[in-house]
$ cat work.cif   # mmCIF, C-alpha atoms
data_final
#
loop_
_atom_site.label_atom_id
_atom_site.label_comp_id
_atom_site.auth_asym_id
_atom_site.auth_seq_id
_atom_site.Cartn_x
_atom_site.Cartn_y
_atom_site.Cartn_z
CA MET A 29 102.18 85.52 84.09
CA ASN A 30 98.64 86.06 85.30
CA ASP A 31 96.47 87.38 82.44
CA GLN A 32 95.10 90.27 84.46
CA PHE A 33 98.58 91.74 84.62
CA ARG A 34 99.03 91.69 80.84
CA ASN A 35 98.73 94.90 78.91
CA PRO A 36 95.21 94.88 77.43
CA SER A 37 96.26 97.10 74.56
CA GLU A 38 99.30 95.89 72.65
CA ALA A 39 99.32 99.25 70.90
CA THR A 40 100.16 100.98 74.18
CA SER A 41 103.94 101.15 74.41
CA HIS A 42 106.02 100.93 77.55
CA ALA A 43 106.88 104.62 77.21
CA GLN A 44 103.19 105.54 77.04
CA ARG A 45 102.35 103.46 80.09
CA LEU A 46 105.29 104.93 81.99
CA ASP A 47 104.00 108.39 81.12
CA ARG A 48 100.52 107.43 82.37
CA LEU A 49 102.00 106.21 85.66
CA ALA A 50 103.80 109.52 86.05
CA GLU A 51 100.56 111.39 85.40
CA VAL A 52 98.74 109.27 87.99
CA ALA A 53 101.55 109.92 90.49
CA VAL A 54 101.23 113.69 90.07
CA ARG A 55 97.48 114.13 89.56
CA VAL A 56 96.10 111.33 91.75
CA GLY A 57 98.96 110.53 94.12
CA LEU A 58 100.00 114.06 94.98
CA GLY A 59 97.03 116.05 93.73
CA LEU A 60 99.73 118.63 93.06
CA LYS A 61 98.71 122.29 93.09
CA PRO A 62 100.32 125.13 91.10
CA GLY A 63 103.15 126.76 93.01
CA GLN A 64 104.04 123.71 95.11
CA GLU A 65 107.56 122.38 95.36
CA VAL A 66 108.11 118.63 95.08
CA VAL A 67 110.74 116.67 96.99
CA MET A 68 111.24 113.31 95.29
CA THR A 69 113.41 110.33 96.25
CA ALA A 70 114.17 107.48 93.86
CA PRO A 71 116.65 104.67 93.18
CA LEU A 72 119.10 105.29 90.34
CA GLU A 73 117.39 102.62 88.24
CA ALA A 74 114.13 104.61 88.32
CA VAL A 75 115.51 107.66 86.55
CA ALA A 76 113.19 107.24 83.54
CA LEU A 77 110.08 107.35 85.73
CA ALA A 78 111.53 110.17 87.82
CA ARG A 79 112.02 112.25 84.69
CA ARG A 80 108.45 111.60 83.50
CA ILE A 81 107.13 112.59 86.93
CA THR A 82 109.26 115.72 86.88
CA GLU A 83 107.82 116.69 83.52
CA HIS A 84 104.22 116.15 84.66
CA ALA A 85 104.88 118.03 87.89
CA TYR A 86 106.11 121.10 86.04
CA GLU A 87 103.18 120.86 83.63
CA ALA A 88 100.90 120.85 86.71
CA GLY A 89 102.53 124.06 87.92
CA ALA A 90 105.26 122.86 90.29
CA SER A 91 107.60 125.68 91.26
CA LEU A 92 110.57 123.35 91.75
CA VAL A 93 111.18 119.58 91.65
CA THR A 94 114.18 118.34 93.64
CA THR A 95 115.09 114.66 93.25
CA LEU A 96 117.42 112.74 95.57
CA PHE A 97 118.69 109.48 94.06
CA SER A 98 119.87 106.48 96.09
CA ASP A 99 122.33 103.78 95.03
CA GLU A 100 122.13 100.27 96.47
CA GLU A 101 125.73 99.50 95.51
CA ALA A 102 126.86 102.46 97.60
CA THR A 103 124.75 101.16 100.48
CA LEU A 104 126.53 97.79 100.29
CA MET A 105 129.92 99.54 100.22
CA ARG A 106 129.09 101.11 103.57
CA PHE A 107 128.41 97.73 105.18
CA ARG A 108 131.48 96.15 103.61
CA HIS A 109 133.98 98.90 104.28
CA GLY A 110 132.48 101.44 106.69
CA ARG A 111 134.06 102.16 110.07
CA GLU A 112 132.49 100.33 113.00
CA ASP A 113 131.38 103.54 114.68
CA SER A 114 129.83 104.91 111.48
CA PHE A 115 126.68 102.78 111.75
CA ASP A 116 125.27 105.02 114.47
CA THR A 117 125.36 107.98 112.07
CA ALA A 118 122.69 109.32 109.73
CA SER A 119 122.33 112.45 107.62
CA ALA A 120 120.25 114.46 110.07
CA TRP A 121 120.92 117.60 108.04
CA LEU A 122 119.23 116.02 105.03
CA TYR A 123 116.07 115.03 106.88
CA GLU A 124 115.91 118.36 108.67
CA GLY A 125 116.00 119.98 105.25
CA MET A 126 113.19 117.74 104.03
CA ALA A 127 111.14 118.57 107.12
CA SER A 128 111.72 122.26 106.49
CA ALA A 129 110.51 121.84 102.91
CA PHE A 130 107.35 120.05 104.05
CA LYS A 131 106.64 122.74 106.65
CA ASN A 132 106.88 125.29 103.86
CA GLY A 133 104.37 123.46 101.69
CA ALA A 134 106.45 121.08 99.56
CA ALA A 135 104.82 117.84 98.42
CA ARG A 136 106.59 114.53 99.06
CA LEU A 137 106.93 111.80 96.42
CA ALA A 138 108.86 108.55 96.83
CA ILE A 139 109.65 106.07 94.07
CA VAL A 140 110.49 102.66 95.53
CA GLY A 141 111.94 99.54 93.95
CA GLU A 142 114.50 98.19 96.37
CA ASP A 143 116.24 94.80 96.25
CA PRO A 144 114.29 92.76 98.86
CA SER A 145 117.43 90.92 99.97
CA LEU A 146 120.01 93.69 99.64
CA LEU A 147 121.28 93.40 103.22
CA ALA A 148 120.46 89.75 103.85
CA GLN A 149 124.13 88.78 104.10
CA GLN A 150 125.17 91.78 106.21
CA ASP A 151 125.69 91.91 109.97
CA PRO A 152 122.19 92.23 111.58
CA GLU A 153 123.66 94.36 114.37
CA LYS A 154 125.03 96.89 111.89
CA VAL A 155 121.78 96.85 109.92
CA SER A 156 119.83 97.51 113.11
CA ARG A 157 122.12 100.35 114.22
CA ALA A 158 122.01 102.01 110.81
CA ASN A 159 118.22 101.71 110.66
CA ARG A 160 117.81 103.11 114.16
CA ALA A 161 120.07 106.07 113.40
CA ARG A 162 118.19 106.79 110.19
CA SER A 163 114.82 106.50 111.91
CA LYS A 164 115.83 108.99 114.60
CA ALA A 165 117.19 111.43 112.04
CA TYR A 166 114.10 111.05 109.83
CA MET A 167 111.62 111.66 112.64
CA PRO A 168 111.15 115.42 112.05
CA ALA A 169 110.12 114.69 108.47
CA LEU A 170 108.23 111.46 109.29
CA ASN A 171 106.02 113.23 111.82
CA LEU A 172 104.86 115.63 109.11
CA ILE A 173 104.20 112.77 106.71
CA ALA A 174 102.40 110.58 109.27
CA GLY A 175 100.28 113.57 110.27
CA PHE A 176 99.49 114.46 106.63
CA ASP A 177 100.74 117.99 107.15
CA THR A 178 101.41 117.97 103.41
CA ASN A 179 100.29 115.90 100.42
CA TRP A 180 102.44 112.87 99.66
CA THR A 181 102.52 109.64 97.71
CA ILE A 182 104.58 106.51 97.01
CA VAL A 183 104.82 104.81 93.60
CA SER A 184 107.01 101.97 92.34
CA ALA A 185 109.48 101.33 89.55
CA ALA A 186 110.60 97.92 88.27
CA THR A 187 114.31 97.58 89.04
CA PRO A 188 116.43 94.61 87.93
CA ALA A 189 117.19 93.24 91.41
CA TRP A 190 113.57 93.49 92.53
CA ALA A 191 112.30 91.97 89.27
CA LYS A 192 114.66 88.99 89.56
CA ALA A 193 113.48 88.42 93.14
CA VAL A 194 109.84 88.28 91.97
CA PHE A 195 110.57 86.27 88.79
CA PRO A 196 113.75 84.31 89.61
CA ASN A 197 113.38 81.85 86.73
CA ASP A 198 113.24 84.48 84.00
CA PRO A 199 116.07 86.32 82.27
CA GLU A 200 116.53 89.81 83.71
CA ASP A 201 114.96 91.67 80.79
CA VAL A 202 111.90 89.40 80.83
CA ALA A 203 111.58 89.71 84.62
CA VAL A 204 111.76 93.51 84.44
CA ALA A 205 109.11 93.61 81.69
CA LYS A 206 106.79 91.35 83.71
CA LEU A 207 107.22 93.44 86.84
CA TRP A 208 106.46 96.63 84.91
CA ASP A 209 103.27 94.98 83.59
CA ALA A 210 102.25 94.16 87.16
CA ILE A 211 102.99 97.68 88.41
CA PHE A 212 101.09 99.33 85.57
CA SER A 213 98.04 97.11 86.07
CA ALA A 214 97.92 97.41 89.86
CA SER A 215 98.32 101.18 89.53
CA ARG A 216 95.30 101.28 87.17
CA VAL A 217 97.45 102.70 84.37
CA ASP A 218 95.96 100.23 81.86
CA ALA A 219 92.42 101.56 82.27
CA ASP A 220 91.01 103.54 79.35
CA ASP A 221 90.98 106.61 81.63
CA PRO A 222 93.32 106.03 84.60
CA ILE A 223 92.27 109.23 86.38
CA ALA A 224 88.57 108.28 86.19
CA ALA A 225 89.40 104.72 87.26
CA TRP A 226 91.09 106.07 90.37
CA ALA A 227 88.11 108.31 91.15
CA ALA A 228 85.77 105.30 91.03
CA HIS A 229 88.13 103.15 93.12
CA ASN A 230 88.48 105.86 95.76
CA GLY A 231 84.70 106.08 95.91
CA ASN A 232 84.41 102.35 96.60
CA LEU A 233 87.00 102.47 99.38
CA GLN A 234 85.31 105.45 100.99
CA THR A 235 81.96 103.64 100.98
CA ARG A 236 83.65 100.89 103.01
CA THR A 237 85.20 103.37 105.47
CA ARG A 238 81.83 105.04 106.04
CA MET A 239 80.32 101.68 106.97
CA LEU A 240 83.10 100.93 109.44
CA ASN A 241 82.94 104.40 110.97
CA GLU A 242 79.19 104.02 111.46
CA LYS A 243 79.76 100.65 113.19
CA SER A 244 82.43 102.15 115.48
CA TYR A 245 83.68 98.75 116.63
CA ALA A 246 85.61 98.50 119.88
CA ALA A 247 87.91 95.80 118.49
CA LEU A 248 88.62 93.41 115.64
CA HIS A 249 89.14 89.67 116.07
CA PHE A 250 91.35 87.85 113.54
CA LYS A 251 91.12 84.04 113.46
CA GLY A 252 93.00 81.68 111.16
CA PRO A 253 95.90 79.20 111.01
CA GLY A 254 98.36 80.29 113.70
CA THR A 255 96.30 83.41 114.40
CA ASP A 256 93.90 84.23 117.22
CA LEU A 257 94.30 87.95 117.71
CA ARG A 258 92.08 90.59 119.26
CA VAL A 259 93.00 94.14 118.20
CA GLY A 260 91.36 96.80 120.35
CA LEU A 261 90.74 100.02 118.45
CA ALA A 262 91.78 103.44 119.69
CA ASP A 263 89.24 105.68 121.36
CA ASP A 264 87.70 108.04 118.79
CA HIS A 265 89.37 106.05 115.99
CA GLU A 266 88.43 106.82 112.40
CA TRP A 267 88.75 104.54 109.38
CA ASN A 268 90.41 105.86 106.22
CA GLY A 269 90.93 104.46 102.74
CA GLY A 270 91.76 105.67 99.26
CA SER A 271 92.21 109.40 98.90
CA THR A 272 92.62 111.66 101.92
CA THR A 273 92.71 115.40 102.49
CA ALA A 274 96.00 116.63 103.91
CA LYS A 275 96.12 119.51 106.39
CA ASN A 276 97.01 121.85 103.52
CA GLY A 277 93.62 121.07 101.98
CA ILE A 278 95.00 119.02 99.08
CA VAL A 279 93.43 115.63 98.30
CA CYS A 280 96.07 112.96 97.72
CA ASN A 281 96.46 109.18 97.49
CA ALA A 282 99.38 108.28 99.74
CA ASN A 283 99.88 104.83 98.16
CA ILE A 284 99.76 103.96 94.47
CA PRO A 285 98.41 101.25 94.41
CA THR A 286 96.05 100.91 97.39
CA GLU A 287 93.29 98.44 98.25
CA GLU A 288 93.11 98.92 102.03
CA VAL A 289 90.91 100.55 104.61
CA PHE A 290 92.82 101.25 107.81
CA THR A 291 92.65 102.75 111.27
CA THR A 292 94.54 103.08 114.55
CA PRO A 293 94.61 100.26 117.12
CA HIS A 294 94.78 101.00 120.83
CA LYS A 295 98.40 100.56 121.85
CA ASP A 296 97.46 98.81 125.12
CA ARG A 297 94.55 96.62 123.94
CA VAL A 298 96.05 94.00 121.62
CA ASP A 299 96.13 90.39 122.83
CA GLY A 300 96.76 86.97 121.33
CA THR A 301 98.90 85.35 118.69
CA VAL A 302 99.33 86.14 115.02
CA THR A 303 101.24 84.55 112.14
CA SER A 304 102.32 86.39 109.00
CA THR A 305 100.83 85.21 105.71
CA LYS A 306 103.45 86.79 103.45
CA PRO A 307 107.16 87.55 103.88
CA LEU A 308 108.18 91.02 105.04
CA SER A 309 110.96 92.71 103.09
CA TYR A 310 112.52 95.21 105.48
CA GLN A 311 115.55 97.35 104.67
CA GLY A 312 117.06 94.67 102.44
CA THR A 313 116.28 91.68 104.69
CA LEU A 314 113.56 89.11 103.99
CA ILE A 315 111.71 88.14 107.19
CA GLN A 316 109.56 85.04 106.66
CA ASP A 317 106.92 83.25 108.76
CA ILE A 318 106.73 85.81 111.54
CA GLN A 319 104.94 84.60 114.68
CA VAL A 320 104.35 86.93 117.62
CA ARG A 321 102.35 86.96 120.83
CA PHE A 322 100.82 90.12 122.30
CA GLU A 323 99.90 90.81 125.91
CA ALA A 324 98.22 94.09 126.85
CA GLY A 325 99.27 95.60 123.52
CA ARG A 326 102.94 94.62 123.70
CA ILE A 327 104.79 91.88 121.80
CA VAL A 328 106.21 89.57 124.45
CA GLU A 329 107.38 86.79 122.14
CA ALA A 330 108.57 86.92 118.53
CA LYS A 331 110.13 84.48 116.10
CA ALA A 332 110.58 84.04 112.36
CA ARG A 333 111.87 81.33 110.03
CA THR A 334 114.27 83.74 108.34
CA GLY A 335 115.40 87.19 109.41
CA GLU A 336 114.57 86.59 113.08
CA ALA A 337 117.66 88.46 114.27
CA VAL A 338 116.67 91.53 112.27
CA LEU A 339 113.06 91.27 113.49
CA ASN A 340 114.18 91.25 117.11
CA LYS A 341 116.49 94.18 116.51
CA VAL A 342 113.57 96.08 115.02
CA LEU A 343 111.51 95.34 118.13
CA GLU A 344 114.30 96.83 120.25
CA THR A 345 114.17 100.16 118.38
CA ASP A 346 112.09 101.77 121.14
CA GLU A 347 109.16 100.95 123.43
CA GLY A 348 106.62 101.71 120.69
CA ALA A 349 108.23 99.25 118.27
CA ARG A 350 106.58 96.35 120.12
CA ARG A 351 103.11 97.89 119.80
CA LEU A 352 100.77 98.46 116.87
CA GLY A 353 100.25 101.73 115.02
CA GLU A 354 97.89 100.51 112.28
CA VAL A 355 95.43 97.78 111.40
CA ALA A 356 94.12 97.44 107.84
CA LEU A 357 91.54 95.29 106.09
CA VAL A 358 92.03 94.11 102.50
CA PRO A 359 89.87 91.48 100.75
CA ASN A 360 91.62 88.37 99.51
CA SER A 361 90.05 89.05 96.10
CA SER A 362 91.95 92.33 95.65
CA PRO A 363 93.59 92.60 92.19
CA ILE A 364 97.05 92.28 93.72
CA SER A 365 96.07 89.13 95.61
CA ARG A 366 94.42 87.63 92.50
CA SER A 367 97.62 88.12 90.53
CA GLY A 368 99.16 85.30 92.52
CA LEU A 369 102.42 87.24 92.71
CA LEU A 370 104.51 87.71 95.82
CA PHE A 371 105.98 91.16 95.22
CA LEU A 372 108.40 91.12 98.16
CA ASN A 373 107.57 94.80 98.48
CA THR A 374 105.34 96.09 101.26
CA LEU A 375 103.60 98.70 99.10
CA PHE A 376 102.17 95.90 96.96
CA ASP A 377 101.96 92.93 99.32
CA GLU A 378 100.11 94.90 101.99
CA ASN A 379 97.42 95.56 99.38
CA ALA A 380 96.99 91.83 98.80
CA SER A 381 96.24 91.10 102.42
CA SER A 382 94.85 92.46 105.66
CA HIS A 383 97.77 93.66 107.75
CA ILE A 384 99.04 95.29 110.90
CA ALA A 385 101.90 97.74 111.38
CA LEU A 386 104.37 97.93 114.20
CA GLY A 387 105.21 101.39 115.49
CA GLN A 388 103.99 104.88 114.75
CA ALA A 389 100.26 105.55 114.51
CA TYR A 390 98.63 107.98 112.06
CA SER A 391 97.05 110.94 113.84
CA LYS A 392 94.79 111.14 110.78
CA CYS A 393 93.01 108.02 112.08
CA ILE A 394 91.90 109.71 115.32
CA ARG A 395 88.95 112.10 115.06
CA GLY A 396 90.44 115.56 115.45
CA GLY A 397 93.89 114.00 115.77
CA GLY A 398 95.50 116.50 113.44
CA THR A 399 95.26 119.21 116.09
CA MET A 400 96.06 117.05 119.14
CA SER A 401 99.27 116.99 121.15
CA GLU A 402 101.27 113.77 121.51
CA GLN A 403 99.86 113.42 125.02
CA GLU A 404 96.28 113.75 123.78
CA LEU A 405 96.87 111.18 121.04
CA ALA A 406 98.48 108.76 123.51
CA ALA A 407 95.50 109.16 125.86
CA ARG A 408 93.28 107.83 123.07
CA GLY A 409 95.58 104.89 122.47
CA ALA A 410 97.72 106.09 119.55
CA ASN A 411 101.22 104.60 119.55
CA LYS A 412 104.47 106.51 119.10
CA SER A 413 107.66 105.05 117.64
CA LEU A 414 110.57 105.71 115.33
CA ILE A 415 109.31 102.97 113.00
CA HIS A 416 106.18 102.10 111.02
CA ILE A 417 106.44 98.62 109.50
CA ASP A 418 103.48 96.87 107.83
CA TRP A 419 103.28 93.09 107.68
CA MET A 420 100.60 90.85 106.30
CA ILE A 421 98.28 88.67 108.39
CA GLY A 422 95.28 88.11 106.09
CA SER A 423 94.52 85.32 103.62
CA GLY A 424 91.70 83.23 102.24
CA GLN A 425 91.84 81.25 105.50
CA VAL A 426 91.49 84.19 107.89
CA ASP A 427 88.18 85.41 109.32
CA VAL A 428 87.63 88.83 110.88
CA ASP A 429 84.90 89.84 113.31
CA GLY A 430 84.02 93.33 114.46
CA ILE A 431 83.53 93.46 118.24
CA THR A 432 80.90 95.94 119.41
CA ALA A 433 81.17 98.06 122.54
CA ASP A 434 79.00 95.54 124.43
CA GLY A 435 81.19 92.62 123.34
CA GLN A 436 79.07 91.19 120.52
CA ALA A 437 80.92 89.70 117.52
CA GLU A 438 79.71 90.64 114.04
CA PRO A 439 81.20 88.94 110.96
CA LEU A 440 83.22 91.33 108.80
CA MET A 441 85.27 88.93 106.69
CA ARG A 442 84.96 85.22 106.03
CA GLY A 443 87.68 83.45 104.11
CA GLY A 444 89.29 86.82 103.57
CA GLU A 445 86.21 88.35 101.89
CA TRP A 446 83.84 91.09 103.07
CA VAL A 447 80.48 89.79 104.28
CA THR A 448 78.93 93.16 105.19
CA ALA A 449 77.15 95.51 102.79
#
$ encode --input "work.cif" --output "C-alpha cells"
Amino acid sequence: MNDQFRNPSEATSHAQRLDRLAEVAVRVGLGLKPGQEVVMTAPLEAVALARRITEHAYEAGASLVTTLFSDEEATLMRFRHGREDSFDTASAWLYEGMASAFKNGAARLAIVGEDPSLLAQQDPEKVSRANRARSKAYMPALNLIAGFDTNWTIVSAATPAWAKAVFPNDPEDVAVAKLWDAIFSASRVDADDPIAAWAAHNGNLQTRTRMLNEKSYAALHFKGPGTDLRVGLADDHEWNGGSTTAKNGIVCNANIPTEEVFTTPHKDRVDGTVTSTKPLSYQGTLIQDIQVRFEAGRIVEAKARTGEAVLNKVLETDEGARRLGEVALVPNSSPISRSGLLFLNTLFDENASSHIALGQAYSKCIRGGGTMSEQELAARGANKSLIHIDWMIGSGQVDVDGITADGQAEPLMRGGEWVTA
C-alpha cells in the first residue's frame, strides 16, 4: 500500500474518519442549506456511510433525507431470470419523481461503490438495452444535474466487490480496509481540518481555471503513445474546476474527490486518434485499451481489448454518444495518480488522468449557458446525448498544447505535468 494512503494518525478510528467523510459530503460536497431536502442513492453495502451523511444533513438543517438503496445481487437476478422484453423497461416514475424533487430545491447526493465487473458475463445486448432504457428515463433528472439547477455531489464507499477488484491478492477484510484508507486520503478526510483543506484545494483549482479562461484557447492538442488528437473547444466555452455555484446560489463540489479542470469541446471539431490510458468500468463491464478515431467530431472507428461489444453498444445509444461532451486536464502528479492504484472507478481514475467524456455536455461550461435553450447551446458546439461517460487519456507520456485562435501551439502539459504558471 502506498504510504500516502495510510492513515497519518493511528489514533483516528475508522468510525471517526467515516464521520469526517460524511461531514465533507454534506458541508463541502453539497454545501447544504437549512430547509433543503436531500435525495440520496447508495448501494446496500454503504449503509454505514449513508447513515452518517443523514445525521450530518439533519444537523445542517435538512428538512428531509430520502435514501434509495440499490442491490447488485438483485441486478444480476434481472439479467439471469428477467423476461426478454423487460430489458427495454426502466422506472420512469422514479426518475420523474427525482426530477420533481430537484425542481423543488432538493439536493442530490450519490454514494458509489459498484463492482467494476458486475455485468461482465452478461449478454452485452441486454446490458445495452437496459442502459439505454435507464438513460432515457433518467434524462429529466440528468438535465437538471448537468445544468447545475441544484447542488449535488458524488462520494464513494468501499464495498467488498470493489475492494477485491482493486486489491485482488488480499483477503476481503484487508482489501476493504485498504480501499477505505485510499478513499479517506483522496477525499482529504485525513487532513487536520478537512473543510479548510478543501477550501485551499478549491482555490488552487480555480487559479488554474482563471488562467485557462484568460487564454481562451480554440483547441487542445493531445500527443502521446497511440494518441494524436485535436479537441476543438466550444464557442464561448468556460473552464471550471473544484467548487461551483449552482443555479440556486449554493456552492457545491460535485465530485469528492476532484483534481480536474474541465470544459466543453465543440461537438463538430474533434479530429484524430486517441488511446485510453486506464480501463473504463461502465455499468459493470470493464472496457480496456480503448482506441477510437474521430472525424469532424464524430467517432468513426472504435475498438477495445476487452468490452468492445459493450463499447460499441454505448456508441449506438444516440447520435451524441459518438461525440464529446467534456474534456478535462489533470496532472500526472495528482495524489490519486501518485498512489499507483487503479481504482476501476471513474470518480477516482478520472482524477488521476486527463480525460474526455462521450455524450452530454455541461451547460455550465458555456458562458451564460445556464439560461440558453438547447438550440443556443448546440449552436456554440455543446453536445446532447443520453449518456455522459468519462474515460482516461492522460499519462506521464502524454503532452498537451493549447492552440490559440490564430493556430499557434502553446505548451500546457509536458509528460503529464503543467508547464504554465
$ residues_around --input "work.cif" --residues "Trp226 in chain A" --least-positions-apart "3" --cutoff "8 Å" --atoms "all atoms listed in the file" --output "MDAnalysis selection string"
chainID A and resid 56 216 222:223 229:230
$ write_last_selection --input "work.cif" --atoms "C-alpha atoms" --output "PDB file, keeping the file's coordinate frame"
ATOM      1  CA  VAL A  56      96.100 111.330  91.750  1.00  0.00           C
ATOM      2  CA  ARG A 216      95.300 101.280  87.170  1.00  0.00           C
ATOM      3  CA  PRO A 222      93.320 106.030  84.600  1.00  0.00           C
ATOM      4  CA  ILE A 223      92.270 109.230  86.380  1.00  0.00           C
ATOM      5  CA  HIS A 229      88.130 103.150  93.120  1.00  0.00           C
ATOM      6  CA  ASN A 230      88.480 105.860  95.760  1.00  0.00           C
TER       7      ASN A 230
END
$ residues_around --input "work.cif" --residues "range 305-308 of chain A" --least-positions-apart "2" --cutoff "6 Å" --atoms "all atoms listed in the file" --output "PyMOL selection string"
chain A and resi 314-316+419-421
$ residues_around --input "work.cif" --residues "Ser362 in chain A" --least-positions-apart "4" --cutoff "9 Å" --atoms "only C-alpha atoms" --output "number ranges by chain"
A: 287, 358, 366-367, 379-381
$ write_last_selection --input "work.cif" --atoms "C-alpha atoms" --output "PDB file, keeping the file's coordinate frame"
ATOM      1  CA  GLU A 287      93.290  98.440  98.250  1.00  0.00           C
ATOM      2  CA  VAL A 358      92.030  94.110 102.500  1.00  0.00           C
ATOM      3  CA  ARG A 366      94.420  87.630  92.500  1.00  0.00           C
ATOM      4  CA  SER A 367      97.620  88.120  90.530  1.00  0.00           C
ATOM      5  CA  ASN A 379      97.420  95.560  99.380  1.00  0.00           C
ATOM      6  CA  ALA A 380      96.990  91.830  98.800  1.00  0.00           C
ATOM      7  CA  SER A 381      96.240  91.100 102.420  1.00  0.00           C
TER       8      SER A 381
END
$ closest_atom_pairs --input "work.cif" --of "range 240-344 of chain A" --to "range 168-178 of chain A" --cutoff "12 Å" --atoms "all atoms listed in the file" --output "CSV"
residue,atom,partner,partner_atom,distance
A:Ser271,CA,A:Phe176,CA,11.8
A:Thr272,CA,A:Phe176,CA,8.8
A:Thr273,CA,A:Phe176,CA,8.0
A:Ala274,CA,A:Phe176,CA,4.9
A:Lys275,CA,A:Asp177,CA,4.9
A:Asn276,CA,A:Thr178,CA,5.9
A:Gly277,CA,A:Thr178,CA,8.5
A:Ile278,CA,A:Thr178,CA,7.8
A:Val279,CA,A:Thr178,CA,9.8
A:Cys280,CA,A:Thr178,CA,9.3
A:Asn281,CA,A:Phe176,CA,11.0
A:Ala282,CA,A:Phe176,CA,9.3
$ write_last_selection --input "work.cif" --atoms "C-alpha atoms" --output "CSV table (one decimal), in the frame of the given file"
chain,number,residue,atom,x,y,z
A,271,SER,CA,92.2,109.4,98.9
A,272,THR,CA,92.6,111.7,101.9
A,273,THR,CA,92.7,115.4,102.5
A,274,ALA,CA,96.0,116.6,103.9
A,275,LYS,CA,96.1,119.5,106.4
A,276,ASN,CA,97.0,121.8,103.5
A,277,GLY,CA,93.6,121.1,102.0
A,278,ILE,CA,95.0,119.0,99.1
A,279,VAL,CA,93.4,115.6,98.3
A,280,CYS,CA,96.1,113.0,97.7
A,281,ASN,CA,96.5,109.2,97.5
A,282,ALA,CA,99.4,108.3,99.7
$ resolve_selection --input "work.cif" --expression "the PyMOL selection byres ((chain A and resi 81) around 12)" --output "PyMOL selection string"
chain A and resi 46-55+57-58+60+66-70+74-80+82-88+90+93-95+137-139+183-185
$ resolve_selection --input "work.cif" --expression "the PyMOL selection byres ((chain A and resi 396) around 12)" --output "ChimeraX atom specification"
/A:175,263-266,275,390-395,397-401,404-405,408
$ atom_distance --input "work.cif" --atom1 "CA of Thr187 in chain A" --atom2 "CA of Val217 in chain A"
18.2 Å
$ closest_residue --input "work.cif" --among "A:Gly141, A:Gly252, A:Gly335, A:Pro439" --to "Val426 in chain A" --atoms "all atoms listed in the file"
A:Gly252
$ resolve_selection --input "work.cif" --expression "the PyMOL selection byres ((chain A and resi 121) around 12)" --output "list in words"
Thr117, Ala118, Ser119, Ala120, Leu122, Tyr123, Glu124, Gly125, Met126, Ala127, Ser128, Arg162, Lys164, Ala165, Tyr166, Met167, Pro168 and Ala169 of chain A
$ residues_around --input "work.cif" --residues "Phe376 in chain A" --least-positions-apart "5" --cutoff "9 Å" --atoms "only C-alpha atoms" --output "compact mmCIF listing (two decimals) with C-alpha atoms, keeping the file's coordinate frame"
# COMPACT_ATOMS: atom_id res chain seq x y z
CA ILE A 211 102.99 97.68 88.41
CA ALA A 214 97.92 97.41 89.86
CA ILE A 284 99.76 103.96 94.47
CA PRO A 285 98.41 101.25 94.41
CA THR A 286 96.05 100.91 97.39
CA ILE A 364 97.05 92.28 93.72
CA LEU A 370 104.51 87.71 95.82
CA PHE A 371 105.98 91.16 95.22
$ atom_distance --input "work.cif" --atom1 "CA of Arg45 in chain A" --atom2 "CA of Lys192 in chain A"
21.2 Å
$ closest_residue --input "work.cif" --among "A:Glu101, A:His109, A:Phe195, A:Arg160" --to "Leu369 in chain A" --atoms "only C-alpha atoms"
A:Phe195
